[in-house]
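Quick look at start-v1.tsv (TSV, C-alpha atoms and all ligand atoms):
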```
chain	number	residue	atom	x	y	z
K	29	MET	CA	128.66	79.48	99.38
K	30	ARG	CA	127.99	77.64	102.62
K	31	LEU	CA	124.56	76.54	103.83
K	32	GLU	CA	123.69	76.24	107.53
K	33	VAL	CA	120.37	74.86	108.76
K	34	GLU	CA	119.42	74.98	112.41
K	35	PRO	CA	116.12	73.97	114.06
K	36	ARG	CA	114.59	76.44	116.51
K	37	ARG	CA	111.65	76.11	118.86
K	38	LEU	CA	109.40	79.10	119.53
K	39	ARG	CA	106.81	78.92	122.32
K	40	PHE	CA	103.61	80.94	122.29
K	41	ARG	CA	103.04	83.06	125.40
K	42	ALA	CA	99.53	81.59	125.56
K	43	PRO	CA	97.97	78.71	123.58
K	44	LEU	CA	96.48	79.93	120.32
K	45	ALA	CA	93.13	78.44	119.28
K	46	THR	CA	92.33	78.03	115.58
K	47	ALA	CA	89.85	75.97	113.55
K	48	PHE	CA	92.74	73.54	112.81
K	49	GLY	CA	93.68	73.03	116.46
K	50	THR	CA	95.34	74.78	119.38
K	51	LEU	CA	98.96	75.84	118.92
K	52	GLU	CA	101.41	75.91	121.81
K	53	GLU	CA	104.72	76.13	120.01
K	54	ARG	CA	106.36	76.36	116.60
K	55	GLU	CA	109.38	74.50	115.36
K	56	ILE	CA	111.16	76.23	112.51
K	57	LEU	CA	114.41	75.93	110.58
K	58	ALA	CA	116.76	78.90	110.52
K	59	VAL	CA	118.58	78.87	107.18
K	60	THR	CA	121.80	80.81	106.56
K	61	VAL	CA	123.80	81.12	103.36
K	62	ARG	CA	127.33	82.56	103.60
K	63	ASP	CA	129.34	83.55	100.54
K	64	ARG	CA	133.12	83.32	100.27
K	65	ASP	CA	133.47	86.97	101.32
K	66	GLY	CA	131.57	86.27	104.52
K	67	VAL	CA	128.37	88.07	103.48
K	68	VAL	CA	125.36	86.20	104.86
K	69	GLY	CA	121.71	85.86	103.97
K	70	VAL	CA	119.12	84.44	106.32
K	71	GLY	CA	115.82	82.75	105.66
K	72	GLU	CA	113.54	80.42	107.47
K	73	ALA	CA	111.35	77.41	106.85
K	74	ALA	CA	108.28	77.38	109.05
K	75	PRO	CA	105.90	74.62	107.95
K	76	LEU	CA	102.95	74.11	110.29
K	77	GLN	CA	101.91	70.48	109.99
K	78	ALA	CA	98.46	70.87	111.56
K	79	TYR	CA	97.74	73.60	109.03
K	80	ASP	CA	99.60	72.78	105.82
K	81	GLY	CA	100.32	69.07	106.34
K	82	VAL	CA	104.04	69.60	105.81
K	83	GLY	CA	106.60	68.30	108.30
K	84	LEU	CA	109.92	69.85	109.26
K	85	ALA	CA	112.01	66.82	108.28
K	86	ALA	CA	110.76	66.84	104.68
K	87	VAL	CA	111.46	70.55	104.36
K	88	ARG	CA	114.90	70.17	105.90
K	89	ALA	CA	115.84	67.39	103.47
K	90	GLN	CA	114.94	69.58	100.50
K	91	VAL	CA	116.78	72.64	101.83
K	92	GLU	CA	119.88	70.58	102.58
K	93	GLY	CA	119.59	69.02	99.14
K	94	CYS	CA	120.61	72.42	97.76
K	95	ALA	CA	123.95	72.52	99.61
K	96	ASP	CA	125.91	71.40	96.54
K	97	VAL	CA	124.17	73.91	94.26
K	98	LEU	CA	125.04	76.68	96.70
K	99	GLY	CA	128.54	75.29	97.27
K	100	ALA	CA	129.33	75.80	93.60
K	101	GLY	CA	127.43	79.10	93.46
K	102	ASP	CA	129.80	81.86	94.58
K	103	ASP	CA	130.45	83.07	91.05
K	104	GLN	CA	126.89	82.68	89.80
K	105	PRO	CA	124.29	85.43	89.60
K	106	LEU	CA	121.95	85.16	92.60
K	107	ALA	CA	118.89	85.00	90.35
K	108	ALA	CA	120.34	81.85	88.76
K	109	LEU	CA	121.02	80.35	92.19
K	110	ARG	CA	117.47	81.12	93.33
K	111	ALA	CA	116.14	79.39	90.21
K	112	ALA	CA	118.41	76.38	90.72
K	113	CYS	CA	117.27	75.98	94.34
K	114	ARG	CA	113.65	76.38	93.28
K	115	GLY	CA	114.10	73.47	90.88
K	116	ARG	CA	115.39	71.26	93.70
K	117	CYS	CA	112.63	72.04	96.20
K	118	PRO	CA	109.09	70.85	95.42
K	119	LEU	CA	107.85	72.08	98.84
K	120	PRO	CA	107.05	75.82	98.83
K	121	GLN	CA	108.29	76.19	102.44
K	122	ALA	CA	111.73	74.88	101.42
K	123	ARG	CA	111.83	77.05	98.29
K	124	ALA	CA	110.85	80.12	100.30
K	125	ALA	CA	113.54	79.59	102.95
K	126	LEU	CA	116.33	79.59	100.37
K	127	ASP	CA	114.71	82.28	98.24
K	128	VAL	CA	114.49	84.71	101.16
K	129	ALA	CA	118.06	83.93	102.26
K	130	LEU	CA	119.40	84.59	98.76
K	131	TRP	CA	117.40	87.84	98.46
K	132	ASP	CA	118.77	88.92	101.84
K	133	LEU	CA	122.30	88.16	100.64
K	134	GLU	CA	121.74	90.09	97.42
K	135	ALA	CA	120.40	93.15	99.23
K	136	ARG	CA	123.23	93.06	101.80
K	137	ARG	CA	125.79	92.90	98.98
K	138	ARG	CA	124.16	95.96	97.43
K	139	GLY	CA	123.88	97.75	100.78
K	140	LEU	CA	120.12	98.31	100.34
K	141	PRO	CA	117.04	97.30	102.32
K	142	LEU	CA	115.48	94.35	100.50
K	143	ALA	CA	112.28	96.28	99.65
K	144	SER	CA	114.42	98.78	97.70
K	145	VAL	CA	115.89	95.93	95.68
K	146	LEU	CA	112.40	94.58	94.95
K	147	ALA	CA	110.73	97.88	94.01
K	148	GLN	CA	111.69	101.41	93.05
K	149	ARG	CA	109.34	103.12	95.48
K	150	PRO	CA	108.60	100.77	98.38
K	151	ALA	CA	106.40	101.90	101.26
K	152	GLU	CA	108.25	103.09	104.36
K	153	ALA	CA	105.96	101.21	106.72
K	154	VAL	CA	103.54	98.29	106.56
K	155	VAL	CA	100.08	98.53	108.14
K	156	VAL	CA	99.47	95.49	110.34
K	157	ASN	CA	96.64	93.93	112.32
K	158	ALA	CA	96.80	92.54	115.82
K	159	THR	CA	95.98	88.86	116.21
K	160	ILE	CA	93.61	87.91	119.02
K	161	GLY	CA	94.34	84.36	120.12
K	162	ALA	CA	91.78	83.97	122.91
K	163	THR	CA	88.41	82.31	122.23
K	164	ASP	CA	86.78	83.21	125.55
K	165	PRO	CA	84.80	86.47	124.97
K	166	GLU	CA	86.21	88.28	128.00
K	167	ALA	CA	89.81	87.38	127.26
K	168	ALA	CA	89.35	88.23	123.57
K	169	ALA	CA	87.82	91.60	124.51
K	170	ARG	CA	90.72	92.34	126.87
K	171	ALA	CA	93.31	91.50	124.19
K	172	ALA	CA	91.44	93.58	121.61
K	173	ALA	CA	91.23	96.59	123.94
K	174	GLU	CA	94.95	96.29	124.58
K	175	ALA	CA	95.63	96.19	120.82
K	176	ALA	CA	93.42	99.23	120.22
K	177	GLY	CA	95.22	101.03	123.04
K	178	ALA	CA	98.55	100.22	121.35
K	179	GLY	CA	97.30	101.91	118.17
K	180	PHE	CA	96.23	98.95	116.03
K	181	ARG	CA	93.39	99.87	113.68
K	182	CYS	CA	92.52	96.27	112.83
K	183	VAL	CA	92.21	93.21	115.04
K	184	LYS	CA	91.89	89.69	113.73
K	185	VAL	CA	89.70	87.14	115.46
K	186	LYS	CA	89.39	83.44	114.65
K	187	VAL	CA	85.86	82.15	114.04
K	188	GLY	CA	84.26	78.76	113.46
K	189	LEU	CA	85.05	78.15	117.14
K	190	GLY	CA	81.94	77.93	119.31
K	191	ASP	CA	80.31	81.21	120.30
K	192	ASP	CA	81.62	83.42	117.49
K	193	ALA	CA	78.80	85.96	117.90
K	194	GLY	CA	79.48	86.37	121.62
K	195	ARG	CA	83.23	86.74	121.06
K	196	LEU	CA	82.80	89.30	118.28
K	197	ALA	CA	80.20	91.32	120.19
K	198	ALA	CA	82.59	91.49	123.15
K	199	VAL	CA	85.48	92.53	120.90
K	200	ARG	CA	83.37	95.22	119.18
K	201	ALA	CA	82.25	96.58	122.54
K	202	ALA	CA	85.88	96.68	123.67
K	203	VAL	CA	87.37	98.46	120.65
K	204	GLY	CA	84.53	100.79	119.61
K	205	ASP	CA	83.78	101.74	116.02
K	206	ARG	CA	87.18	103.01	114.91
K	207	VAL	CA	88.93	99.63	114.87
K	208	ALA	CA	88.26	97.17	112.06
K	209	ILE	CA	87.51	93.54	112.91
K	210	ARG	CA	88.83	90.92	110.53
K	211	ILE	CA	87.71	87.34	111.03
K	212	ASP	CA	89.20	84.06	109.85
K	213	ALA	CA	87.28	80.79	109.60
K	214	ASN	CA	90.21	78.80	108.15
K	215	GLY	CA	87.73	77.06	105.84
K	216	ALA	CA	85.72	75.60	108.74
K	217	TRP	CA	82.27	76.34	107.29
K	218	SER	CA	80.26	74.90	104.40
K	219	VAL	CA	78.89	77.48	101.95
K	220	ASP	CA	75.49	77.50	103.69
K	221	GLU	CA	77.00	77.71	107.16
K	222	ALA	CA	79.27	80.56	106.05
K	223	VAL	CA	76.42	82.55	104.52
K	224	THR	CA	74.22	82.08	107.59
K	225	ALA	CA	77.02	82.90	110.02
K	226	LEU	CA	78.27	85.93	108.13
K	227	ARG	CA	74.79	87.40	107.62
K	228	ALA	CA	74.33	87.14	111.38
K	229	LEU	CA	77.75	88.66	112.12
K	230	ALA	CA	77.56	91.45	109.52
K	231	PRO	CA	75.90	94.01	111.88
K	232	THR	CA	78.98	93.73	114.14
K	233	GLY	CA	80.95	95.39	111.33
K	234	ILE	CA	83.38	92.95	109.74
K	235	GLU	CA	86.28	94.22	107.62
K	236	LEU	CA	86.47	90.87	105.86
K	237	CYS	CA	86.25	87.15	106.46
K	238	GLU	CA	89.25	85.10	105.46
K	239	GLU	CA	88.61	81.63	104.04
K	240	PRO	CA	84.91	81.38	105.07
K	241	ALA	CA	84.70	78.00	103.29
K	242	ARG	CA	87.24	75.72	101.65
K	243	GLY	CA	88.06	76.19	97.96
K	244	GLY	CA	87.82	79.00	95.42
K	245	ALA	CA	84.45	77.88	94.07
K	246	ALA	CA	82.91	77.71	97.56
K	247	ILE	CA	84.26	81.14	98.48
K	248	ARG	CA	82.95	82.60	95.25
K	249	ALA	CA	79.49	81.20	96.14
K	250	VAL	CA	79.66	82.70	99.65
K	251	ARG	CA	80.65	86.06	98.21
K	252	ALA	CA	77.80	86.03	95.69
K	253	ALA	CA	75.22	85.16	98.38
K	254	LEU	CA	76.46	87.88	100.74
K	255	ALA	CA	76.39	90.59	98.05
K	256	GLY	CA	78.89	92.76	99.87
K	257	ALA	CA	77.46	92.43	103.40
K	258	VAL	CA	80.82	90.97	104.45
K	259	PRO	CA	83.77	91.02	102.03
K	260	VAL	CA	85.55	87.67	101.73
K	261	ALA	CA	89.21	86.77	101.20
K	262	LEU	CA	91.06	83.77	99.89
K	263	ASP	CA	93.82	82.53	102.13
K	264	GLU	CA	94.47	78.76	102.06
K	265	SER	CA	92.49	78.54	98.80
K	266	ALA	CA	94.79	81.07	97.15
K	267	ARG	CA	97.10	78.07	96.64
K	268	GLU	CA	94.52	76.28	94.49
K	269	PRO	CA	95.76	76.30	90.88
K	270	GLY	CA	94.09	79.12	88.99
K	271	ALA	CA	92.20	80.52	92.02
K	272	LEU	CA	93.93	83.92	91.99
K	273	ALA	CA	93.02	84.67	88.40
K	274	THR	CA	89.30	84.00	88.81
K	275	GLY	CA	88.39	87.00	90.96
K	276	ALA	CA	86.56	84.71	93.40
K	277	ALA	CA	87.12	87.03	96.38
K	278	ASP	CA	87.33	90.69	97.37
K	279	ALA	CA	90.83	90.20	98.75
K	280	VAL	CA	93.64	87.69	98.80
K	281	CYS	CA	95.99	86.88	101.65
K	282	LEU	CA	99.45	85.83	100.42
K	283	LYS	CA	102.27	84.26	102.40
K	284	VAL	CA	105.92	84.13	101.36
K	285	ALA	CA	106.19	80.50	102.49
K	286	GLY	CA	102.94	79.47	100.78
K	287	CYS	CA	103.94	81.12	97.51
K	288	GLY	CA	107.40	79.51	97.59
K	289	GLY	CA	109.38	82.73	97.90
K	290	ILE	CA	109.29	86.45	97.32
K	291	GLY	CA	109.52	86.39	93.52
K	292	ASP	CA	106.55	84.04	93.30
K	293	LEU	CA	104.61	86.12	95.82
K	294	LEU	CA	105.10	89.27	93.74
K	295	ARG	CA	103.86	87.37	90.68
K	296	ASP	CA	100.81	86.01	92.56
K	297	ALA	CA	100.01	89.50	93.88
K	298	ALA	CA	100.02	90.88	90.33
K	299	THR	CA	97.68	88.07	89.21
K	300	ALA	CA	95.27	88.70	92.09
K	301	ARG	CA	95.27	92.47	91.57
K	302	ALA	CA	94.65	92.06	87.84
K	303	ALA	CA	91.56	89.99	88.75
K	304	GLY	CA	90.28	92.86	90.92
K	305	ALA	CA	91.25	91.61	94.39
K	306	ASP	CA	93.03	93.55	97.11
K	307	VAL	CA	96.21	91.90	98.33
K	308	TYR	CA	97.61	91.72	101.85
K	309	LEU	CA	100.21	89.50	103.47
K	310	ALA	CA	100.47	87.21	106.46
K	311	SER	CA	102.55	84.29	107.64
K	312	THR	CA	101.85	81.02	109.43
K	313	PHE	CA	103.27	82.39	112.69
K	314	ASP	CA	106.78	82.54	111.24
K	315	GLY	CA	109.89	83.53	113.13
K	316	PRO	CA	111.80	86.79	112.53
K	317	ALA	CA	113.24	85.95	109.09
K	318	GLY	CA	109.89	84.79	107.69
K	319	ILE	CA	108.19	87.91	109.02
K	320	ALA	CA	110.97	90.10	107.62
K	321	GLY	CA	110.55	88.58	104.16
K	322	GLY	CA	106.83	89.35	104.33
K	323	LEU	CA	107.42	92.94	105.47
K	324	HIS	CA	109.78	93.74	102.59
K	325	ALA	CA	107.45	92.10	100.07
K	326	ALA	CA	104.45	94.03	101.48
K	327	ALA	CA	106.42	97.28	101.31
K	328	ALA	CA	107.49	96.55	97.73
K	329	LEU	CA	103.83	95.96	96.83
K	330	ARG	CA	102.68	99.05	98.78
K	331	VAL	CA	99.96	96.93	100.41
K	332	ALA	CA	97.28	99.14	101.95
K	333	ARG	CA	95.10	96.63	103.82
K	334	PRO	CA	96.49	95.52	107.18
K	335	SER	CA	98.84	92.56	106.92
K	336	GLY	CA	99.10	89.79	109.51
K	337	LEU	CA	102.78	90.34	110.20
K	338	ALA	CA	102.64	91.59	113.80
K	339	THR	CA	102.76	88.10	115.31
K	340	LEU	CA	106.28	87.91	116.77
K	341	ALA	CA	104.99	89.32	120.06
K	342	LEU	CA	102.87	86.16	120.45
K	343	PHE	CA	106.09	84.23	121.22
K	344	GLU	CA	107.58	84.31	124.68
K	345	ASP	CA	111.20	83.70	123.71
K	346	VAL	CA	111.63	85.98	120.71
K	347	GLU	CA	112.79	89.56	120.87
K	348	ASP	CA	110.71	91.33	118.23
K	349	PRO	CA	113.11	93.06	115.81
K	350	PHE	CA	110.16	94.82	114.11
K	351	PRO	CA	107.87	96.09	116.86
K	352	PRO	CA	104.68	97.70	115.54
K	353	VAL	CA	104.15	101.36	116.37
K	354	ASP	CA	100.58	102.69	116.21
K	355	GLY	CA	99.46	99.82	114.00
K	356	VAL	CA	102.30	100.01	111.48
K	357	ILE	CA	105.71	98.37	111.27
K	358	PRO	CA	108.34	100.83	110.05
K	359	LEU	CA	110.47	99.14	107.44
K	360	PRO	CA	113.99	98.43	108.71
K	361	ARG	CA	116.56	100.61	106.93
K	362	ALA	CA	119.56	98.35	107.38
K	363	PRO	CA	120.74	96.41	104.31
K	364	GLY	CA	118.95	93.16	103.49
K	365	LEU	CA	116.07	92.00	105.66
K	366	GLY	CA	117.25	94.25	108.49
K	367	LEU	CA	118.10	91.40	110.82
K	368	PRO	CA	121.44	91.28	112.65
K	401	MG	MG	93.99	82.83	107.42
```
Would you write the structure of this file as structure tokens?
Ligand SMILES: [Mg+2]
Amino acid sequence: MRLEVEPRRLRFRAPLATAFGTLEEREILAVTVRDRDGVVGVGEAAPLQAYDGVGLAAVRAQVEGCADVLGAGDDQPLAALRAACRGRCPLPQARAALDVALWDLEARRRGLPLASVLAQRPAEAVVVNATIGATDPEAAARAAAEAAGAGFRCVKVKVGLGDDAGRLAAVRAAVGDRVAIRIDANGAWSVDEAVTALRALAPTGIELCEEPARGGAAIRAVRAALAGAVPVALDESAREPGALATGAADAVCLKVAGCGGIGDLLRDAATARAAGADVYLASTFDGPAGIAGGLHAAAALRVARPSGLATLALFEDVEDPFPPVDGVIPLPRAPGLGLP
């Protein structure tokens, strides 16, 4: 089986402000595995150094370190190959790239959409939120109105960035009462700051706040103080060992790359659900293959809360293979991930 790794640069249409900095572009690695019959599987490594502290070169070295395992792997079961690659890749982003590529290959060999390989009764579509990148209240309101007009029933707004109350009030005024507003602080607040901010924002009607503070224990404290006024979700802190099993949050955001692949994501989702949390998916602004992996995993899990997988339209040079329609992304029916 042959491995190909190719860097790709994706530029955002407009700079995207977050609590960890402003993003202008993404550099990702497109990963392809090709078996001796010419069947391919594609995956992607999309570390985001400002966010996860992981650089592309380190991920690339680990992915390419699996070339010999794959080279000798044509006659091996794909589950064994996935496990062998996992053992070679300490970085979850590297593990996920190869894991998704090998799942894609397996589903293409079987002639089934990946979600149908992962689950007996996958959902036919995945509910998604729109992501509002602007921090300026007027621009955020315009983007939110556009999203509502396109049929999204949930918009996601970054907070911990200056005048959060003004931005959220403008967004609420723009979308009316029928669209949910999800906010994401990316861990920017202390427990006290989060409680104060969220109590003040609660009357705006917040679906949930992702990562209001940093760490499972801090988020549990925020949740207890708010007593349901604003539900809270683990995102970055979901990676903390043991955090998913503690029931620290109302919901948990999982990412294929963060979990280290689809198999590990399905396991983490089961752990979070058993602890009473809702599960939804997102990515760190991945390219098409990363988004596709998330869509199939979300469909296999029959995720009901909106997932943050409608982000390909934020890039100016990517043709979106999975355009959302009325706030949902229909699952591609072609074999594998559904990419060409
Ligand atoms: Mg988040």
inquiry  = What does the list of residues within 9 Å of ligand MG 401 (chain K) look like if you count all atoms listed in the file, written as a PyMOL selection string?
reply    = chain K and resi 186+211-215+237-239+261-264+281+310-312+336
key: Interatomic distance (Å, one decimal) between atom CA of Arg54 of chain K and atom CA of Ala338 of chain K   =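 Atom CA of Ala338 of chain K lies 15.9 Å from atom CA of Arg54 of chain K.
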key: Selection near segment 138-147 of chain K, 8 Å with all atoms listed in the file, sequence-local residues under 3 positions removed, as a ChimeraX atom specification   = /K:131-132,134-135,150,324-325,327-329,360-366
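Going from atom CA of Pro165 of chain K over to atom CA of Gly194 of chain K, you cover 6.3 Å.
Of the residues listed (K:Leu51, K:Ala111, K:Val33, K:Leu98), K:Ala111 shows the shortest atom-to-atom separation from Gly288 of chain K; distances use all atoms listed in the file.
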key: Selection near segment 198-210 of chain K, 8 Å with only C-alpha atoms, sequence-local residues under 6 positions removed, as a PyMOL selection string   = chain K and resi 165-166+168-170+172-173+176+180-185+232-238
Taking C-alpha atoms for each residue, export the selection above as a PDB file, in the coordinates of the input.
```
ATOM      1  CA  PRO K 165      84.800  86.470 124.970  1.00  0.00           C
ATOM      2  CA  GLU K 166      86.210  88.280 128.000  1.00  0.00           C
ATOM      3  CA  ALA K 168      89.350  88.230 123.570  1.00  0.00           C
ATOM      4  CA  ALA K 169      87.820  91.600 124.510  1.00  0.00           C
ATOM      5  CA  ARG K 170      90.720  92.340 126.870  1.00  0.00           C
ATOM      6  CA  ALA K 172      91.440  93.580 121.610  1.00  0.00           C
ATOM      7  CA  ALA K 173      91.230  96.590 123.940  1.00  0.00           C
ATOM      8  CA  ALA K 176      93.420  99.230 120.220  1.00  0.00           C
ATOM      9  CA  PHE K 180      96.230  98.950 116.030  1.00  0.00           C
ATOM     10  CA  ARG K 181      93.390  99.870 113.680  1.00  0.00           C
ATOM     11  CA  CYS K 182      92.520  96.270 112.830  1.00  0.00           C
ATOM     12  CA  VAL K 183      92.210  93.210 115.040  1.00  0.00           C
ATOM     13  CA  LYS K 184      91.890  89.690 113.730  1.00  0.00           C
ATOM     14  CA  VAL K 185      89.700  87.140 115.460  1.00  0.00           C
ATOM     15  CA  THR K 232      78.980  93.730 114.140  1.00  0.00           C
ATOM     16  CA  GLY K 233      80.950  95.390 111.330  1.00  0.00           C
ATOM     17  CA  ILE K 234      83.380  92.950 109.740  1.00  0.00           C
ATOM     18  CA  GLU K 235      86.280  94.220 107.620  1.00  0.00           C
ATOM     19  CA  LEU K 236      86.470  90.870 105.860  1.00  0.00           C
ATOM     20  CA  CYS K 237      86.250  87.150 106.460  1.00  0.00           C
ATOM     21  CA  GLU K 238      89.250  85.100 105.460  1.00  0.00           C
TER      22      GLU K 238
END
```
Best match for closeness to Thr159 of chain K among K:Leu44, K:Arg137, K:Ala108, K:Ala317, counting only C-alpha atoms = K:Leu44
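Nearest residue to Arg333 of chain K, choosing from K:Val260, K:Val70, K:Val156, K:Ile357 and counting all atoms listed in the file: K:Val156.
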query = K:Ala300, K:Ile319, K:Leu229, K:Ala175: which is nearest Gly270 of chain K, counting only C-alpha atoms?
reply =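 That would be K:Ala300, the residue with the smallest distance to Gly270 of chain K.
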ask   = If you measure from atom CA of Glu152 of chain K to atom CA of Leu367 of chain K, what distance in Å do you get, rounded to one decimal?
value = 16.6 Å
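Closest approach to Leu309 of chain K among K:Val154, K:Ala86, K:Ala241, K:Ile247 is made by K:Val154 (distances from all atoms listed in the file).
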ask   = Given the choices K:Ala74, K:Ala285, K:Ala153, K:Ala178, which gets closest to Leu359 of chain K if the distance is worked out from all atoms listed in the file?
value =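 Distance minimum relative to Leu359 of chain K lands on K:Ala153.
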Please, could N, CA and C atoms be added to segment 169-180 of chain K and the result written as a CSV table (one decimal), keeping the file's coordinate frame?
```csv
chain,number,residue,atom,x,y,z
K,169,ALA,N,88.1,90.2,124.4
K,169,ALA,CA,87.8,91.6,124.5
K,169,ALA,C,89.0,92.3,125.2
K,170,ARG,N,89.6,91.7,126.2
K,170,ARG,CA,90.7,92.3,126.9
K,170,ARG,C,91.9,92.5,125.9
K,171,ALA,N,92.2,91.4,125.1
K,171,ALA,CA,93.3,91.5,124.2
K,171,ALA,C,93.0,92.5,123.1
K,172,ALA,N,91.8,92.6,122.7
K,172,ALA,CA,91.4,93.6,121.6
K,172,ALA,C,91.6,95.0,122.1
K,173,ALA,N,91.1,95.2,123.4
K,173,ALA,CA,91.2,96.6,123.9
K,173,ALA,C,92.7,97.0,124.1
K,174,GLU,N,93.5,96.0,124.5
K,174,GLU,CA,95.0,96.3,124.6
K,174,GLU,C,95.5,96.7,123.2
K,175,ALA,N,95.1,95.9,122.2
K,175,ALA,CA,95.6,96.2,120.8
K,175,ALA,C,95.2,97.6,120.4
K,176,ALA,N,93.9,97.9,120.6
K,176,ALA,CA,93.4,99.2,120.2
K,176,ALA,C,94.2,100.3,121.0
K,177,GLY,N,94.5,100.1,122.2
K,177,GLY,CA,95.2,101.0,123.0
K,177,GLY,C,96.6,101.2,122.5
K,178,ALA,N,97.2,100.1,121.9
K,178,ALA,CA,98.6,100.2,121.4
K,178,ALA,C,98.6,100.8,120.0
K,179,GLY,N,97.4,101.2,119.4
K,179,GLY,CA,97.3,101.9,118.2
K,179,GLY,C,96.9,101.1,117.0
K,180,PHE,N,96.7,99.8,117.2
K,180,PHE,CA,96.2,99.0,116.0
K,180,PHE,C,94.9,99.4,115.6
```
